[in-house]
Each structure stands twice: as C-alpha cells, then as structure tokens.
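Asker: The structure is given below, and queries will be raised subsequently.
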Amino acid sequence: MKKCYLFLLIAALLCAACVVGASAETVITYNDTFTNPVVNGADPFVLYDNGTYYLYATNDGSWGYIVYTSDNLVDWKAQGYALRKTDVPLVDSTAYAGLWAPEVFKDGDTYYMVYTAQEHLGIATSDSPLGPFKDKSGRLFENKAIDGHLFRDDDGKIYLYFVSCGAWTLNGDSVTTGNNIWGGEFDLDTCTFVSGPQLLIQYGSGEWNVNEGPEMLKHNGTYYLTYSVMGYSSPSYRVHYATSSSPLGTFAKSENNPVLVTADPNRNDPNNNLYGTAHHCFTQLADGTLMIVYHAHRSGTSSDLLTDAAATYVEERRICIDKAWFDENGVLRAGDVNNVGHPTVTADVAPTGESAARSVTVDDNFAALATLPTVYVSMYDGLDTNDGSKTAPFRTLNKAYEALPNGGTIVLRQKYDMQSSVDNGFATDSAYYVSPKVNGPIMIRGEFSAVPVLFKFWSIQSDTYLDNIVLQPRTTGTVSSGISVIECGQNNVVFGEGVSCTARPNSEQFPVLVGGYWQYNTEATTSPYKYYSPSVRPDSTLTTDKAYSLTVLGGTWSIVTAGSVRNTTQLGSSAPNATLTLGVDAKIRPAKMGKVSASATSAGAVLTYPEIKYALKYRICDGEGNLVGYSDTTSFVDTTYTLGDTKSYTVAGYVNGACIGDASAAVTVTSYGDMNGDGAITIADALILLTDILSGQTTDAGLLDVLYILKACV
C-alpha cells in the first residue's frame, strides 16, 4: 500500500479519480497536473545533502523552524523542529521570537544554520541537517539585521551576506533607513568576519525601501547577487539581481534590471493565483538543472471574508518551484519555460520532470471513494455559502461533511486551524473537533504536500483516509499543557504515506493516535479535556467487540495504540478485535529517558541508563544542551571528561535529528583530581586525597576516587 508516482504521461491526462485493480484493492489517482505551490512556508532555503532535499523556511516564527524533506522538490514531509526558540538568545524572551529566513550550510561534518531571531542574526550548528541546531555565535550584530546567506567561492573562501535594518554605519559605509544588503568574508569556526562587511546593494527608486533575501550565484566567472525588492506584503514583491567580477563587488544592476519571477499583482489572471513571488533560493537537481525556490501569497481570488485583501492575503505564504537558467547572453532567467518570468501554474509534469499524478491504494473499506464526489475547503478565503468547488471552496470542514452525506473526498486548499475554526462551537482556544458522521468513507487530503492541519483533540466519526497533510499539535490557551490526541473511534482509519507530523512547539511531544475511544480522567475540568471525562464518556459506553482497522503508513507519533482507553481505571482495553498496521514510514518517538547513573573513572565519565522502546540509539548532551556523542547501547563513556571537573549530562532516546525522546533529568559528575593545584595529576594528588579521607577532612570521597587518580597517573 505505497503511494506511487506514475511516470506515464497518459496517467497524467486521465480524470482526477480513476480506478484500476482487483476488488480487494483499488488505486485512486488524483492531482493529474502540476500546480504551484508545493508546500506551506515563506523565505525558503533548500539544502541538497546525500540524496535528500531539506527545506528550511519561516513556518513557525513564534517557536522555531520546522524542517521538511523530499526526494523530488515536489512532495515534502515535515520532520519536526530543526531549531527552537529556546536554542537561541533572544533580546526579549517574552516577546514574539521572530524566527525568520533560516539557511543551512554544510562544512565538513557540521551543519551551520544562519538564523534571524527578533531581527538579529546568529549562527547555530548541528551534526545533522534535521537538527537540533544550537546557537554557536550569539548575536552577530547589536544592530538589527536579517536574511543571512553563506556562499563558498571556488577558492574555498566563505562569505556571509545579510540585510541591515534601519540606520547603519560600518567600516566606512553608512545607510540611514530601509533594508540594504551587505557582505564580507566569514570564518565559520570563530563566527567572525575575516574582513569587515561592506555595503553592496542599496534600495533604488521605485523599490520601496527594501532590498532583502540575498542569494549568490557564480556563472562563468561572474557573480550574480540576487535579491528581493518591494517588501513581502507587496503584490509586486519580486526578484532582481546585480553582477560583479568579485564576490564583494562593486555590483552593477543590469541595464534593464530583469525580474526573475513575477506574477499578476492586480489578481486579474484566472490562471495565475500567485503573487508576491520572491524571497528565494537556488538548488540543483541531480542532473545539474538549476531550480529556483520562492514563496508566493496564497491566492488571487477575492473573498467576502476578507475586509482588506491586500493585507490579509499575505498571512499565509506558500512555497513554489521553477527552473532557472542562464541564456546565451548570460542573462539569468527563471519561471515557466513556456511563460518565462512567471510561475509554473499548470503543466503535465512538474518543473523537475516528475509526474504530477498521485495515487493511493485502498482496500474495500475505501473503494467507493473513486466514484464519490469531491469538495474543496479554504479556511481563510472560502465561504460556506459557496458550492464547494475548486474555484468556490467551502470555509469549514463541517460544511464539507454536510455536502458529502454518503462520503467523498475533502481537499484542503489551505492550512486548516481547528483553533480558529467555527466548526465546533467550543471555546476558540480549544482546537477541539469532532468530525460529523456520514454514511460512507471520507478522504481528507491536501491539495499540495504537507498542508498543515492544526489541532488539539480530533475525534474521527467515520471511516477516513488521510493523505498529503502535516499534523501540527496545538499549544495555546487553556490547553497549553498535556498532550495532543487523534481519536479514531471504532472506524477504519488510514494515515497514508503522505501524512507527516510535527511535535508540539514547546516540547518534543508528537501526536498521540488512539484507535477506540479516549478517556482522560475524573479531574478533567477544562476544555477540551472535559469532553473526554468519565462523566461524559462513562466506561459503559466504551465497551465494544467491534472489529475495525487502524493503518498508520506515515507520520511520527508519541503513542499509537489500537483498542486502548487512556487513563481509565475500569477497562484495560476496548474493541479487542481491532487490528493495527504500522508501515515502514511510520515512526514512534521514544519515551522519555528514565534515571541516568553516572560516575567518574580514569577513562572518563561513565553513563548508564535504561533501554527505551523505539530508540535506535541514544543522544548524550552536556548540561547546556551541547552534543557530547551518541551510543548504540545503554552506556556511554565521555572520554573528554577530566578528573577534577564537574560536568552535567542528559540522555535521550534518538530516532533521527527531528525525532528525539524527551531527555532525562540532568545528572552531574564530580570527581577529585589536581589536589595541590600544580596543574597536573600525580601520585602526590592521590596521597593528599587519601590523607584527607583518613583524617575526616573529606567525607564525600572514597578509595575509588583515590584509585582513579592513581590510574590517571600511570
């Protein structure tokens, strides 16, 4: 039951839902042509590393950066937070973190992230492109600066380009206002400039006061400094470039200052609903094809829900891809090859050459979906008075269910936020949703990959197949604590390979998935927990022997269980005939690490800890969160530990860089070493410690400590 990518052009020309296969299995094909965007987010940067594309973007500026992975630039899966706001210094930790425009640069075995936090630049590092990244540099400047970009020249020198905000004077260059682009040679080890940054590009006439998002390309000995003008909220936000024979200029804007990708700022073109097409990066396909990745505002169709379309439409920015190339005159071009300078909005195949057709294989529980109707939902610019078509989508899931009494497909054209939804009638901070029951199967899928669905509790009432979405647990209001749960009830439910998950933004708590019903506890008095308390759902209502299936093909989960009732005292399980299938792409996050024991030895600090389920290995950090090392077993020796030091450690179960179990409580190792202060550990130190022990001056040491010192002297 794998999602497959069909490479035959004939498949792409079929109708949006076609059926092949035997009675026991049905293949449902949808998305028969490519249309930008490909994933949610803004200010994108793509790193290609060891056969995988990693996407970093402005996608949760309050909490951190969610990283996505893909093997084709079209289909993306969320892999959790690569960096959180707690990992970097903030000017004001109580204010909006302003985590924007991350870029990642690989040097040797280390990954360097240039991040913006509250309009200040910094550098964070990790041993994995998935993170977790931790601050290395502190704030690079006390003045406000954003949009860092690292570039390695052919001679190995590294340059950092960035954008100043407001008045700046540095190394003899001055600006008085706006956003302007600077650059200088940079040393990654020390996170300092080898030479002072120079002013490279100032905003020009007719460009508002914004030049930002610098990206460097080198072609045939010429340096192309590309950048965005007009500001992200402008429908005319677009990419320009200037050229030089040196990485630090002087840069000259092209005579006609060509625009790489632009859109329809007046939103009059029905075939182009993308505008504000800028803040970009470049990446290459395996065959060397140059691609541009950029963001666009979400729609070009006005809505009665929006009182100020020009301002409100930029709220949700989405990421697009297109080809980029140099023409015979060395002019940099980008966009649809059949409509140069404009986004690809309709094609038989994606700009990467991939087929746009997507298909899922379903069993008999969902075979009827192939012939049932499809409706569309756009939470921010749809209306429930619409007809639910692609061009006139509904606003809410409730309206979509109402239009599908016998089942069908619901396509999410935009992020769906249950916190902001008017569907449930509960407090707006509950993010709680009970999907209506219908008389047939339901498919809920994103129109493009990883459309976010934000939730706290979700109770599914009908047979449901989910695909092409990313589940993002909510942390807000009265439900800021606790866990986030999807309750599947006694229904056949499939989480397809196109489903991914992120953790709760303030923890490593991934969603909990429960087949059967959920019951919280007798003290659950706040929304939404009170709707799961025994007074509302007594144990007698939860008992059943109904057979149902829970199939989990994708996503990362804290708990996946079929048949269990959580926190009930009377029932061990419900629905004992339920079946659970976990696919190879489904991950279960390790539990929190238990107690860690530590001792000092002459070989170093020795840590031992209990085995935890689902951990592929263990990640050891020091008390400041810096990586110490990994272990494949339940013990670890920190050989960098020196006798006489005091050092703290935490241990976490590890799946990959974005899926780590909650770390243990910190354990501290303290030992005796240089007793006489001569800067070396010798036999004399062992004799001093022994004397102190025998005389009673030292009561927290023993003969083992003396032996450790003696062994260190050998």
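Residues are referred to by chain and number: the chain letter is A, B, ... according to the order shown in the structure tokens, the number counts from 1 in that chain, and ligands are numbered separately from 1 in the order shown.
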So which residues touch Asp187 of chain A within 12 Å, counting only C-alpha atoms, skipping near sequence neighbours fewer than 2 positions away, as number ranges by chain?
Answerer: A: 107, 112, 123, 137, 150-152, 156-160, 184-185, 189-196
Asker: Could you pull out the strand (DSSP E or B) residues of segment 191-379 of chain A from DSSP and send them as an NGL selection string?
Answerer: :A and (192-193 or 198-201 or 207 or 209-219 or 222-229 or 238-244 or 252-253 or 278-284 or 290-297 or 317-326 or 332-336 or 339-340 or 347 or 349 or 355 or 358-362 or 374-377)
Asker: Which distance in Å separates atom CA of Leu55 of chain A and atom CA of Thr69 of chain A, to one decimal?
Answerer: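 Value for the atom CA of Leu55 of chain A-atom CA of Thr69 of chain A distance: 6.2 Å.
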Asker: Kindly indicate which residue among A:Val175, A:Val239, A:Ala586, A:Met418 lies nearest to Thr396 of chain A, using only C-alpha atoms for the distances.
Answerer: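 Of the candidates, the smallest distance to Thr396 of chain A is held by A:Met418.
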Asker: Mind pulling up the distance from atom CA of Met593 of chain A to atom CA of Ala652 of chain A?
Answerer: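 We find that atom CA of Ala652 of chain A and atom CA of Met593 of chain A lie 5.6 Å from each other.
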Asker: Would you work out the distance separating atom CA of Cys621 of chain A from atom CA of Gly64 of chain A, expressed in Å to one decimal?
Answerer: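 Atom-to-atom, atom CA of Cys621 of chain A and atom CA of Gly64 of chain A are spaced 20.2 Å apart.
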Asker: Counting only C-alpha atoms, figure out which residue out of A:Tyr401, A:Tyr654, A:Trp76, A:Tyr111 gets nearest to Val499 of chain A.
Answerer: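 Of A:Tyr401, A:Tyr654, A:Trp76, A:Tyr111, the one nearest Val499 of chain A is A:Trp76, counting only C-alpha atoms.
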Asker: Residues of segment 9-152 of chain A in helix (DSSP H, G or I) according to DSSP, as an MDAnalysis selection string?
Answerer: chainID A and resid 9:12 85:87
Asker: Contacts of Lys390 of chain A at 10 Å or less, counting only C-alpha atoms, minus same-chain residues fewer than 3 places along, as an MDAnalysis selection string?
Answerer: chainID A and resid 374:378 382 387 393:394 411:413
